[in-house]
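I have placed the structure first, in the form of structure tokens, so that the comments after it can refer back to it.
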Amino acid sequence: MRAHIRDYVGKHVHFVGIGGCSMSGLAGLLLQKGYIVTGSDRDASHKTEALMQKGIPVAIGHRAENVAGADLLVYTAAIAEDNPERVEARRLGIPEMERAVLLGQLMETYPAAIGISGTHGKTSTTSMLAQVFVECGMEPTVHIGGELPALGGSTLLGNGDTFIAEACEFNASFLQLHPTLAMILNIDEDHLDFYRDIDHIEQAFLEYARLVPEEGWCLGWGDDARVRRVLGQLSCHTRTYGLEPFNELRAEQIQYDELGRAYFVATLFGHPLCEVQLAVPGEHNLLNALAVIGAAEISCLPMQRVAEILGRFTGAHRRFELTGIVDGVKLYNDYGHNPTEMKNAIHIAKLQPHKTLWAVWQPHTYSRTKTLFDGFVKTFDEADRVVITDIYGAREKDPGDISTPMLLEPMRKRGIQVVHTPTFDDAEAYLRAHWQPGDLMITLGCGNIDLLNEQMQAHGDTQKM
């Protein structure tokens, strides 16, 4: 019989890989709900430090003795069965639970459960939606795969009936959730170490959307043919949003300012709902905001209030985030890790005032670098200079058939000025030797590339923002 988190209230739950975005948030939620929480992670980070400040003991390094006294062990999909803590848990008869199962079990206790899925934009859209629900007084419980300054972190334990969570397609983990409103932002190629191809990915999104009960809703980006096809096969209520005229919810009268920030009028079946002036740039953020308006309308929130809140949204941590100014150069960081996300971030950077635009990329996982190789080569056309570090393996071992140097020649054939700097120290040395005041640098990737920004700010002539 599968363990259920409700049976462990007041008991000891140990998280293996607690420093991850989702895991750290879940650990914090359980602590607030009255569980005894401990954890371990391979490396120390600002997340492990923050957890320890909350009173959660975190061991750095995976060792069998870390699970001593635990009643339940929670692990991420990236933690293999031969991890010493999982091995010890099985030896001691401690039940194990995968992270997505825990998230789904927490979600199923709420009457209104909103799951935000899509290959791109989940964290930004979930953050926007969370801020809207919080400021509308709905007191939601929130789980974000990133950090939102307005929440003071990645999770929020509320007293209302609504649970808002990212629904991640990695390893089809979103199939463990229990949404009453499923949002599908887009369907694109990624995680091809797990999925066979884009059709397999689409099928997983269909299975996710079919988790919604008949009286529930599925809201999807209608400009994406695959999303439309999914919506057409559902028995629940559906709604499309987008820019094309066939969508039910549309953004009209769109205007962008010089920094790429959108103004638009949201209409439902041709009738105006609200006017929105965004503080975050890019068409993708316009679409994220339109999705939030769709979810808010279905949830009967006041539209003018929603528009006001969206106008104050300034972004989530590591989503085109200005981290500092060093040597007169503005440093940004973006979590984008596949070609579509990275192109969006570079395009937004291009709109900001700058002399030379530096894109610094840390490829994430060998499998993604290999399967999306051609897309990555075509990602950097709007950057003036490109710096690439070694591949961040994360959960993967080096297969020996893909490496950063293999990207250089195809990119140079496109006229891109690109160099390989294996380590962060190499990247810092190269940038400091070549950039000039007035330049702009953006680091890209979902590994630990944000630490390069911190490193350069610690070493350089830092100005106030």
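Following the order of the structure tokens, chains are lettered A, B, ..., residues in each are numbered from 1, and ligands are numbered from 1.
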From region 146-372 of chain A, collect each residue whose DSSP state is strand (DSSP E or B) and return the set as a PyMOL selection string. chain A and resi 146-148+153-156+162-166+181-184+217-221+237-242+249-256+261-268+271-281+321-326+329-334+357-361+364
Please, which residues in region 210-309 of chain A fall within 12 Å of region 320-326 of chain A when counting only C-alpha atoms, and what is the closest atom pair and distance in Å to one decimal for each, ordered by chain then residue number, as a tab-separated table?
residue	atom	partner	partner_atom	distance
A:Val280	CA	A:Phe320	CA	9.1
A:Pro281	CA	A:Phe320	CA	9.2
A:Gly282	CA	A:Phe320	CA	10.5
A:Asn285	CA	A:Phe320	CA	11.2
Take the residues from that selection and write them out as a short mmCIF file (atom, residue, chain, number, x, y, z; two decimals), in the first residue's frame, keeping N, CA, C and O atoms.
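File written: again-v3.cif
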data_model
loop_
_atom_site.label_atom_id
_atom_site.label_comp_id
_atom_site.auth_asym_id
_atom_site.auth_seq_id
_atom_site.Cartn_x
_atom_site.Cartn_y
_atom_site.Cartn_z
N VAL A 280 6.86 43.84 -16.93
CA VAL A 280 7.87 42.89 -17.39
C VAL A 280 7.80 42.80 -18.91
O VAL A 280 6.71 42.85 -19.49
N PRO A 281 8.95 42.69 -19.59
CA PRO A 281 8.97 42.79 -21.05
C PRO A 281 8.75 41.46 -21.77
O PRO A 281 8.87 40.38 -21.17
N GLY A 282 8.44 41.56 -23.04
CA GLY A 282 8.40 40.40 -23.92
C GLY A 282 7.00 39.89 -24.23
O GLY A 282 6.10 39.95 -23.40
N ASN A 285 5.72 37.22 -21.88
CA ASN A 285 5.08 37.68 -20.63
C ASN A 285 3.68 38.21 -20.89
O ASN A 285 2.80 38.10 -20.01
#
Could you tell me how far CA of Asp426 (chain A) lies from CA of Ile388 (chain A), in Å and to one decimal? 10.2 Å
Contact residues around region 26-32 of chain A with only C-alpha atoms at 10 Å, ignoring same-chain residues under 5 positions, as number ranges by chain: A: 5, 9-10, 13-15, 18-21, 37-39, 50-51, 54-56, 74, 99, 102-103, 106, 141-144, 153-157
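Proximity to Val360 (chain A) was assessed for A:Glu297, A:Asn338, A:Asn344, A:Thr443 counting only C-alpha atoms; the smallest distance is recorded for A:Thr443.
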